[in-house]
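Colleague: So I've got this file, data.cif, and it contains mmCIF, C-alpha atoms:
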data_structure
loop_
_atom_site.label_atom_id
_atom_site.label_comp_id
_atom_site.auth_asym_id
_atom_site.auth_seq_id
_atom_site.Cartn_x
_atom_site.Cartn_y
_atom_site.Cartn_z
CA MET A 1 94.55 45.07 148.44
CA ALA A 2 96.19 47.46 146.11
CA GLN A 3 96.99 50.82 147.49
CA THR A 4 96.59 53.96 145.46
CA ALA A 5 99.27 56.53 145.86
CA PRO A 6 97.95 59.80 147.16
CA PRO A 7 98.09 62.74 144.73
CA ALA A 8 101.19 64.83 144.88
CA PRO A 9 100.69 67.88 147.04
CA HIS A 10 100.39 71.15 145.17
CA SER A 11 102.68 73.85 146.35
CA ARG A 12 101.58 77.39 146.87
CA THR A 13 103.64 78.38 143.86
CA ASP A 14 101.61 76.10 141.59
CA GLN A 15 98.32 77.39 143.00
CA ALA A 16 99.38 80.99 142.54
CA ARG A 17 100.52 80.22 139.01
CA ARG A 18 97.09 78.81 138.16
CA ALA A 19 95.34 81.80 139.72
CA ILE A 20 97.26 84.32 137.63
CA PRO A 21 95.66 84.67 134.18
CA ARG A 22 97.89 83.98 131.25
CA ARG A 23 99.07 87.17 129.61
CA ASP A 24 98.67 87.74 125.93
CA THR A 25 102.14 87.61 124.46
CA ARG A 26 101.11 89.05 121.10
CA LEU A 27 102.47 92.45 120.25
CA PRO A 28 99.92 95.26 120.07
CA LEU A 29 98.89 96.29 116.60
CA PRO A 30 99.86 99.70 115.26
CA ARG A 31 97.31 102.44 115.84
CA ALA A 32 96.63 102.60 112.11
CA LEU A 33 95.33 99.01 112.23
CA THR A 34 92.86 99.44 115.09
CA ALA A 35 89.34 100.84 115.00
CA PRO A 36 89.00 104.49 116.11
CA PRO A 37 86.54 105.57 118.84
CA LEU A 38 82.88 105.15 117.92
CA TRP A 39 81.85 108.72 118.72
CA ARG A 40 84.50 110.11 116.41
CA GLU A 41 83.47 107.82 113.58
CA LEU A 42 79.82 108.82 113.95
CA LEU A 43 80.77 112.48 113.76
CA LEU A 44 83.03 111.82 110.79
CA ILE A 45 80.34 109.90 108.90
CA ALA A 46 77.71 112.54 109.63
CA PHE A 47 80.03 115.36 108.56
CA PHE A 48 81.14 113.53 105.43
CA TYR A 49 77.61 112.64 104.37
CA ALA A 50 76.42 116.22 104.90
CA ALA A 51 79.38 117.59 102.96
CA TYR A 52 78.82 115.04 100.19
CA THR A 53 75.14 115.93 99.85
CA LEU A 54 75.63 119.69 100.06
CA THR A 55 78.52 119.62 97.62
CA ARG A 56 76.45 117.78 95.06
CA ILE A 57 73.79 120.47 95.38
CA VAL A 58 76.28 123.33 95.15
CA LEU A 59 77.97 121.88 92.08
CA VAL A 60 74.80 122.27 90.01
CA GLN A 61 75.89 124.67 87.31
CA ASP A 62 73.79 127.32 85.66
CA GLY A 63 72.09 125.71 82.72
CA THR A 64 72.14 122.10 81.56
CA GLY A 65 73.62 122.49 78.08
CA THR A 66 77.04 121.19 79.14
CA ALA A 67 75.52 118.14 80.83
CA PHE A 68 73.54 117.16 77.73
CA ALA A 69 76.51 117.82 75.45
CA ASN A 70 78.59 115.48 77.61
CA ALA A 71 75.81 112.89 77.42
CA ASP A 72 76.04 112.98 73.61
CA GLN A 73 79.80 112.44 73.90
CA ILE A 74 79.38 109.43 76.20
CA LEU A 75 76.75 107.83 73.97
CA GLY A 76 78.84 108.47 70.88
CA LEU A 77 81.90 106.88 72.47
CA GLU A 78 79.95 103.83 73.64
CA ARG A 79 78.44 103.36 70.18
CA LEU A 80 81.87 103.66 68.63
CA ILE A 81 83.29 100.82 70.73
CA GLY A 82 80.05 98.82 70.77
CA ILE A 83 79.08 98.88 74.45
CA ASP A 84 75.87 100.96 74.28
CA ILE A 85 73.68 98.43 76.09
CA GLU A 86 71.67 100.87 78.22
CA LEU A 87 68.71 101.35 75.85
CA GLY A 88 68.15 97.62 75.35
CA MET A 89 68.25 96.98 79.10
CA ASN A 90 65.88 99.88 79.75
CA GLN A 91 63.30 98.57 77.27
CA ALA A 92 63.61 95.02 78.60
CA LEU A 93 63.03 96.20 82.17
CA LEU A 94 59.94 98.22 81.26
CA SER A 95 58.39 95.12 79.69
CA VAL A 96 58.22 93.55 83.18
CA PRO A 97 56.48 96.16 85.39
CA TRP A 98 56.90 94.34 88.72
CA LEU A 99 60.60 93.92 88.08
CA ALA A 100 60.92 97.59 87.13
CA ARG A 101 59.24 98.65 90.38
CA THR A 102 61.58 96.38 92.33
CA ALA A 103 64.56 97.90 90.55
CA ASN A 104 63.34 101.40 91.42
CA VAL A 105 63.13 100.51 95.11
CA PHE A 106 66.54 98.82 94.98
CA TYR A 107 68.12 101.90 93.40
CA ALA A 108 66.58 104.20 96.02
CA THR A 109 67.41 102.20 99.15
CA ALA A 110 70.34 99.80 98.66
CA HIS A 111 72.91 102.48 97.86
CA PHE A 112 72.88 103.91 101.38
CA GLY A 113 71.28 101.04 103.31
CA VAL A 114 73.64 98.24 102.30
CA THR A 115 76.71 100.47 102.56
CA LEU A 116 75.76 101.55 106.08
CA VAL A 117 75.19 97.94 107.18
CA VAL A 118 78.57 96.88 105.82
CA VAL A 119 80.31 99.83 107.51
CA VAL A 120 78.75 98.95 110.89
CA TRP A 121 79.62 95.27 110.48
CA LEU A 122 83.17 96.15 109.49
CA TYR A 123 83.62 98.38 112.54
CA ARG A 124 82.27 95.79 114.97
CA SER A 125 83.62 92.56 113.51
CA ARG A 126 86.79 93.48 111.64
CA PRO A 127 88.28 96.52 113.44
CA HIS A 128 91.82 95.75 112.20
CA ASP A 129 90.74 96.45 108.62
CA TYR A 130 88.34 99.28 109.32
CA ARG A 131 90.61 102.30 108.95
CA TRP A 132 92.10 101.64 105.54
CA LEU A 133 88.83 100.40 104.04
CA ARG A 134 86.92 103.41 105.37
CA THR A 135 89.59 105.78 104.11
CA GLY A 136 89.49 104.19 100.66
CA LEU A 137 85.73 104.65 100.44
CA MET A 138 85.80 108.28 101.54
CA SER A 139 88.75 109.16 99.32
CA ALA A 140 87.06 107.75 96.23
CA THR A 141 83.83 109.57 97.04
CA GLY A 142 85.67 112.85 97.53
CA LEU A 143 87.36 112.44 94.15
CA ALA A 144 83.98 111.67 92.60
CA LEU A 145 82.76 115.11 93.69
CA ILE A 146 85.52 116.64 91.60
CA GLY A 147 84.26 114.60 88.65
CA TYR A 148 80.71 115.90 89.16
CA TRP A 149 82.06 119.44 89.08
CA LEU A 150 84.38 119.11 86.10
CA TYR A 151 82.17 116.85 84.00
CA PRO A 152 78.43 117.31 84.61
CA LEU A 153 76.53 114.56 82.83
CA ALA A 154 72.82 114.14 82.10
CA PRO A 155 71.63 110.59 82.87
CA PRO A 156 70.04 108.50 80.10
CA ARG A 157 66.53 108.91 81.56
CA PHE A 158 66.64 112.55 80.43
CA LEU A 159 67.37 111.60 76.81
CA HIS A 160 63.83 111.00 75.60
CA ASP A 161 64.84 111.60 71.99
CA GLU A 162 67.12 108.55 72.23
CA GLY A 163 64.22 106.36 73.40
CA PHE A 164 65.04 106.15 77.12
CA VAL A 165 62.16 106.03 79.60
CA ASP A 166 62.35 106.72 83.32
CA PRO A 167 60.62 103.74 85.01
CA VAL A 168 59.82 105.82 88.10
CA THR A 169 57.69 108.33 86.19
CA ALA A 170 56.37 105.79 83.70
CA LEU A 171 55.08 103.42 86.39
CA HIS A 172 54.44 106.05 89.11
CA SER A 173 56.39 103.92 91.55
CA MET A 174 58.70 104.63 94.44
CA GLY A 175 62.11 105.89 93.43
CA LEU A 176 65.02 108.09 94.41
CA TYR A 177 63.71 111.06 92.41
CA ALA A 178 60.02 110.28 92.66
CA SER A 179 59.09 113.40 94.67
CA ASP A 180 59.72 116.99 93.69
CA ALA A 181 61.63 117.61 96.94
CA SER A 182 64.15 114.82 96.35
CA ALA A 183 64.62 115.91 92.75
CA THR A 184 65.14 119.55 93.75
CA PHE A 185 67.60 119.09 96.64
CA THR A 186 70.10 117.00 94.73
CA ASN A 187 72.28 117.17 91.66
CA GLN A 188 70.67 114.96 89.05
CA TYR A 189 73.49 115.71 86.61
CA ALA A 190 76.10 113.94 88.77
CA ALA A 191 76.32 110.71 86.79
CA MET A 192 80.05 110.45 86.10
CA PRO A 193 81.46 108.53 87.92
CA SER A 194 78.75 106.27 89.31
CA MET A 195 79.12 105.98 93.06
CA HIS A 196 76.19 103.54 93.07
CA ALA A 197 78.55 101.17 91.27
CA GLY A 198 81.59 102.27 93.26
CA TRP A 199 80.02 101.84 96.69
CA ALA A 200 78.57 98.48 95.63
CA LEU A 201 82.01 97.28 94.57
CA TRP A 202 83.41 98.45 97.92
CA CYS A 203 80.75 96.48 99.82
CA GLY A 204 81.35 93.41 97.70
CA PHE A 205 85.11 93.64 98.19
CA VAL A 206 84.71 93.88 101.97
CA LEU A 207 82.36 90.89 102.13
CA VAL A 208 84.44 88.67 99.85
CA ARG A 209 87.68 89.54 101.64
CA LEU A 210 86.58 89.45 105.27
CA ALA A 211 83.38 87.40 105.60
CA SER A 212 83.80 83.87 106.94
CA ARG A 213 80.61 82.30 105.52
CA ARG A 214 80.51 81.25 101.91
CA TRP A 215 76.99 82.47 101.19
CA ILE A 216 77.97 85.97 102.35
CA LYS A 217 80.93 85.90 99.97
CA VAL A 218 78.54 84.93 97.18
CA LEU A 219 76.37 87.92 98.05
CA GLY A 220 79.50 90.06 97.92
CA VAL A 221 80.04 88.96 94.32
CA LEU A 222 76.40 89.29 93.24
CA TYR A 223 75.66 92.68 94.83
CA PRO A 224 77.93 94.82 92.60
CA LEU A 225 76.72 92.97 89.50
CA ALA A 226 73.07 93.50 90.46
CA THR A 227 73.73 97.16 91.17
CA VAL A 228 75.29 97.74 87.75
CA ALA A 229 72.35 95.98 86.07
CA VAL A 230 69.87 98.16 87.98
CA ILE A 231 71.55 101.50 87.34
CA LEU A 232 71.75 100.73 83.61
CA ALA A 233 68.25 99.31 83.21
CA THR A 234 66.62 102.17 85.12
CA ALA A 235 68.43 104.64 82.80
CA ASN A 236 70.22 106.39 85.65
CA HIS A 237 73.79 105.74 84.46
CA TYR A 238 75.84 104.78 81.46
CA LEU A 239 78.13 101.78 81.36
CA LEU A 240 81.18 104.05 81.33
CA ASP A 241 79.93 105.63 84.57
CA ALA A 242 80.09 102.22 86.26
CA VAL A 243 83.51 101.46 84.79
CA ILE A 244 84.97 104.74 86.07
CA GLY A 245 83.31 104.20 89.47
CA PHE A 246 84.87 100.73 89.74
CA ALA A 247 88.30 102.05 88.74
CA LEU A 248 88.09 104.91 91.24
CA ILE A 249 87.23 102.60 94.14
CA GLY A 250 89.94 100.13 93.15
CA ALA A 251 92.63 102.80 92.97
CA ALA A 252 91.56 104.38 96.27
CA LEU A 253 91.57 101.02 98.07
CA GLY A 254 95.01 100.15 96.72
CA LEU A 255 96.51 103.46 97.76
CA SER A 256 94.84 103.34 101.18
CA TRP A 257 96.13 99.82 101.87
CA LEU A 258 99.63 100.86 100.87
CA LEU A 259 99.63 103.88 103.17
CA TYR A 260 98.15 102.16 106.21
CA HIS A 261 100.18 98.93 106.02
CA ARG A 262 103.52 100.10 104.63
CA TYR A 263 103.81 103.66 105.94
CA PRO A 264 101.60 103.95 109.07
CA ALA A 265 103.95 106.30 110.97
CA GLN A 266 104.34 108.68 108.03
CA LEU A 267 100.59 108.64 107.44
CA LYS A 268 99.90 109.50 111.07
CA ARG A 269 102.37 112.39 110.98
CA LEU A 270 100.99 113.81 107.73
CA GLY A 271 97.44 113.47 108.98
CA ALA A 272 98.24 115.33 112.20
CA GLN A 273 99.97 118.13 110.30
CA ALA A 274 97.12 118.50 107.83
CA ALA A 275 94.51 118.47 110.60
CA GLY A 276 96.45 121.10 112.56
CA LEU A 277 96.79 123.43 109.59
CA ALA A 278 93.14 123.03 108.66
CA LEU A 279 92.04 123.69 112.24
CA GLN A 280 94.19 126.83 112.47
CA ARG A 281 92.77 128.12 109.21
CA VAL A 282 89.17 127.49 110.25
CA VAL A 283 89.67 129.14 113.65
CA PHE A 284 91.34 132.15 112.02
CA LEU A 285 88.49 132.60 109.54
CA LEU A 286 85.86 132.26 112.27
CA ILE A 287 87.47 134.57 114.81
CA VAL A 288 89.01 137.30 112.67
CA PRO A 289 86.32 139.28 110.84
CA PRO A 290 86.78 140.13 107.14
CA GLY A 291 88.51 143.44 106.44
CA SER A 292 90.21 143.63 109.83
CA ARG A 293 93.77 144.89 110.28
CA LEU A 294 94.90 141.50 111.46
CA ARG A 295 94.02 139.90 108.13
CA GLU A 296 95.69 142.78 106.28
CA ARG A 297 98.82 142.28 108.39
CA PHE A 298 99.07 138.60 107.57
CA ALA A 299 98.51 139.02 103.82
CA PRO A 300 101.43 141.45 103.14
CA ALA A 301 103.72 139.32 105.30
CA ARG A 302 103.10 136.30 103.12
CA ARG A 303 103.66 138.31 99.95
CA THR A 304 106.88 139.83 101.34
CA ARG A 305 108.30 136.45 102.22
CA ALA A 306 107.37 135.05 98.83
CA THR A 307 108.99 137.89 96.83
CA HIS A 308 112.06 138.49 99.04
CA ILE A 309 115.36 138.14 97.18
CA PRO A 310 118.32 137.41 99.46
CA VAL A 311 121.29 139.77 99.13
CA PRO A 312 124.57 137.92 98.47
CA PRO A 313 127.35 138.54 101.02
CA PRO A 314 130.16 140.91 99.95
CA LEU A 315 133.24 139.33 98.43
CA PRO A 316 136.52 139.52 100.39
CA SER A 317 138.71 142.51 99.69
CA PRO A 318 142.15 142.23 98.05
CA GLU A 319 143.80 143.03 101.40
CA THR A 320 142.16 139.98 102.87
CA LEU A 321 143.46 137.83 100.04
CA GLY A 322 146.97 139.27 100.41
CA GLY A 323 148.08 136.59 102.81
CA VAL A 324 146.99 133.76 100.50
CA SER A 325 149.81 132.32 98.45
CA GLY A 326 149.62 131.00 94.91
CA ASP A 327 147.34 131.80 92.04
CA ARG A 328 144.34 132.45 94.32
CA ALA A 329 146.07 135.56 95.72
CA GLU A 330 146.82 136.94 92.27
CA ARG A 331 143.31 136.22 90.86
CA PRO A 332 141.42 139.55 90.55
CA SER A 333 138.18 139.77 92.48
CA ARG A 334 135.13 141.25 90.75
CA VAL A 335 133.22 143.20 93.36
CA PRO A 336 129.97 144.71 92.03
CA ASP A 337 129.65 148.43 92.48
CA GLN A 338 126.08 148.18 93.70
CA VAL A 339 123.90 145.28 94.78
CA THR A 340 120.22 145.76 94.08
CA PRO A 341 118.07 143.64 96.35
#
So, in terms of structure tokens, how does the structure I just supplied come out?
Modeller:
Amino acid sequence: MAQTAPPAPHSRTDQARRAIPRRDTRLPLPRALTAPPLWRELLLIAFFYAAYTLTRIVLVQDGTGTAFANADQILGLERLIGIDIELGMNQALLSVPWLARTANVFYATAHFGVTLVVVVWLYRSRPHDYRWLRTGLMSATGLALIGYWLYPLAPPRFLHDEGFVDPVTALHSMGLYASDASATFTNQYAAMPSMHAGWALWCGFVLVRLASRRWIKVLGVLYPLATVAVILATANHYLLDAVIGFALIGAALGLSWLLYHRYPAQLKRLGAQAAGLALQRVVFLLIVPPGSRLRERFAPARRTRATHIPVPPPLPSPETLGGVSGDRAERPSRVPDQVTP
């Protein structure tokens, strides 16, 4: 009868080694490549959205003549280079009422809804890429506010003389500016650049780059294209608005990736310095009342430092140069009679 050798006895060292969990030998990622705390991101998003909305309202200028003059410039430029496709798309959409109503709902809801879903998914599923992608989106949107201020632009749906028709008012359907309240508390002359197109490109870029399923990547490609088709057919934007919005998002994403991946330490230091200076300024403005002596004391000090001219030191006297041999001792020294500070 064959005998089976008994199993080798396990030593206490082997048992203890199995009990100890294996440590992760990977190096920790830099702070710039990890997701920030959730509460801070919620506050940041709420503050940024409120500032974005209020700024668009504040940037409404007195009168609309400049916005309509800029609209004539945009249409003239597009006709010159042969890309004025907005009117044809608007008329084609109005010929299919159910599709026009669907486009109105898409324009009113997808801009914020899809972007918010992608931001939440990015934070939860891809935290290593969250910071630089979020910063790129916010930077581009902040620059877009400057464009709204410097270049107010009337959308095509206001150009009735050109043949454009607003599908929301024509079909009495749901839309972003369907009610008087939504039309009043927003800047309807903020068309250049188109952040509908820019945010859609950002969402598509995130999905194509980071999603693991192929059908999600396909949606990432189709969503920006569908958004551009909707904003043009509903006469809310010009084609150049979408082009500038795409370029702005692309440049902001490229710069953000470069800063976060190539210079994370420098970015952290600059961000801390900027946040500290901004916080000091805000606290000073909130605590010190206008017209107080403290504010008057700080203002002259800054002006004095800015206009101060340093007095040059006096040149050495001839007696001092007496002990120096050579030509330097014989060289005459030109001492000014009076130094005016």
Colleague: Rounded to one decimal in Å, what is the spacing between atom CA of Leu240 of chain A and atom CA of Leu222 of chain A?
Modeller: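 Between atom CA of Leu240 of chain A and atom CA of Leu222 of chain A the gap is 19.6 Å.
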Colleague: Figure out the distance between atom CA of Ala154 of chain A and atom CA of Arg101 of chain A, please, to one decimal in Å.
Modeller: 22.2 Å
Colleague: Counting all atoms listed in the file, figure out which residue out of A:Val228, A:Ala200, A:Leu253, A:Leu150 gets nearest to Leu116 of chain A.
Modeller: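 Looking only at the distances to Leu116 of chain A, the closest residue turns out to be A:Ala200.
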Colleague: Just the number, please: distance in Å from atom CA of Leu232 of chain A to atom CA of Ala67 of chain A, one decimal.
Modeller: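 According to the coordinates, atom CA of Leu232 of chain A and atom CA of Ala67 of chain A are separated by 18.0 Å.
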Colleague: Got a sec: who's within 12 Å of Ala100 of chain A, counting only C-alpha atoms, leaving out chain neighbours fewer than 2 positions off, as a VMD selection string?
Modeller: chain A and resid 89 to 98 102 to 107 165 to 175 229 to 235
Colleague: Please evaluate the PyMOL selection byres ((chain A and resi 128-145) around 6) against the structure above and give the resulting residues as a PDB file with C-alpha atoms, in the frame of the given file.
Modeller:
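Listed below is the output, part.pdb:
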ATOM      1  CA  LEU A  33      95.330  99.010 112.230  1.00  0.00           C
ATOM      2  CA  THR A  34      92.860  99.440 115.090  1.00  0.00           C
ATOM      3  CA  ALA A  35      89.340 100.840 115.000  1.00  0.00           C
ATOM      4  CA  TYR A 123      83.620  98.380 112.540  1.00  0.00           C
ATOM      5  CA  ARG A 126      86.790  93.480 111.640  1.00  0.00           C
ATOM      6  CA  PRO A 127      88.280  96.520 113.440  1.00  0.00           C
ATOM      7  CA  ILE A 146      85.520 116.640  91.600  1.00  0.00           C
ATOM      8  CA  GLY A 147      84.260 114.600  88.650  1.00  0.00           C
ATOM      9  CA  TYR A 148      80.710 115.900  89.160  1.00  0.00           C
ATOM     10  CA  LEU A 248      88.090 104.910  91.240  1.00  0.00           C
ATOM     11  CA  ILE A 249      87.230 102.600  94.140  1.00  0.00           C
ATOM     12  CA  ALA A 252      91.560 104.380  96.270  1.00  0.00           C
ATOM     13  CA  LEU A 253      91.570 101.020  98.070  1.00  0.00           C
ATOM     14  CA  SER A 256      94.840 103.340 101.180  1.00  0.00           C
ATOM     15  CA  TRP A 257      96.130  99.820 101.870  1.00  0.00           C
TER      16      TRP A 257
END
Colleague: Which one of A:Leu239, A:Leu159, A:Leu38, A:Ala226 sits closest to Leu77 of chain A if you count only C-alpha atoms?
Modeller: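 Comparing A:Leu239, A:Leu159, A:Leu38, A:Ala226 against Leu77 of chain A, the winner is A:Leu239.
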Colleague: Using all atoms listed in the file, which protein or nucleic acid residues come within 9 Å of segment 245-247 of chain A? Drop anything in the same chain fewer than 2 positions from it, and give the result as a ChimeraX atom specification.
Modeller: /A:140,144,192-202,240-243,249-252
Colleague: Quick one: everything within 9 Å of Asn70 of chain A, counting all atoms listed in the file, minus sequence neighbours fewer than 2 positions away in the same chain. Send it as a PyMOL selection string.
Modeller: chain A and resi 65-68+72-75+151-154
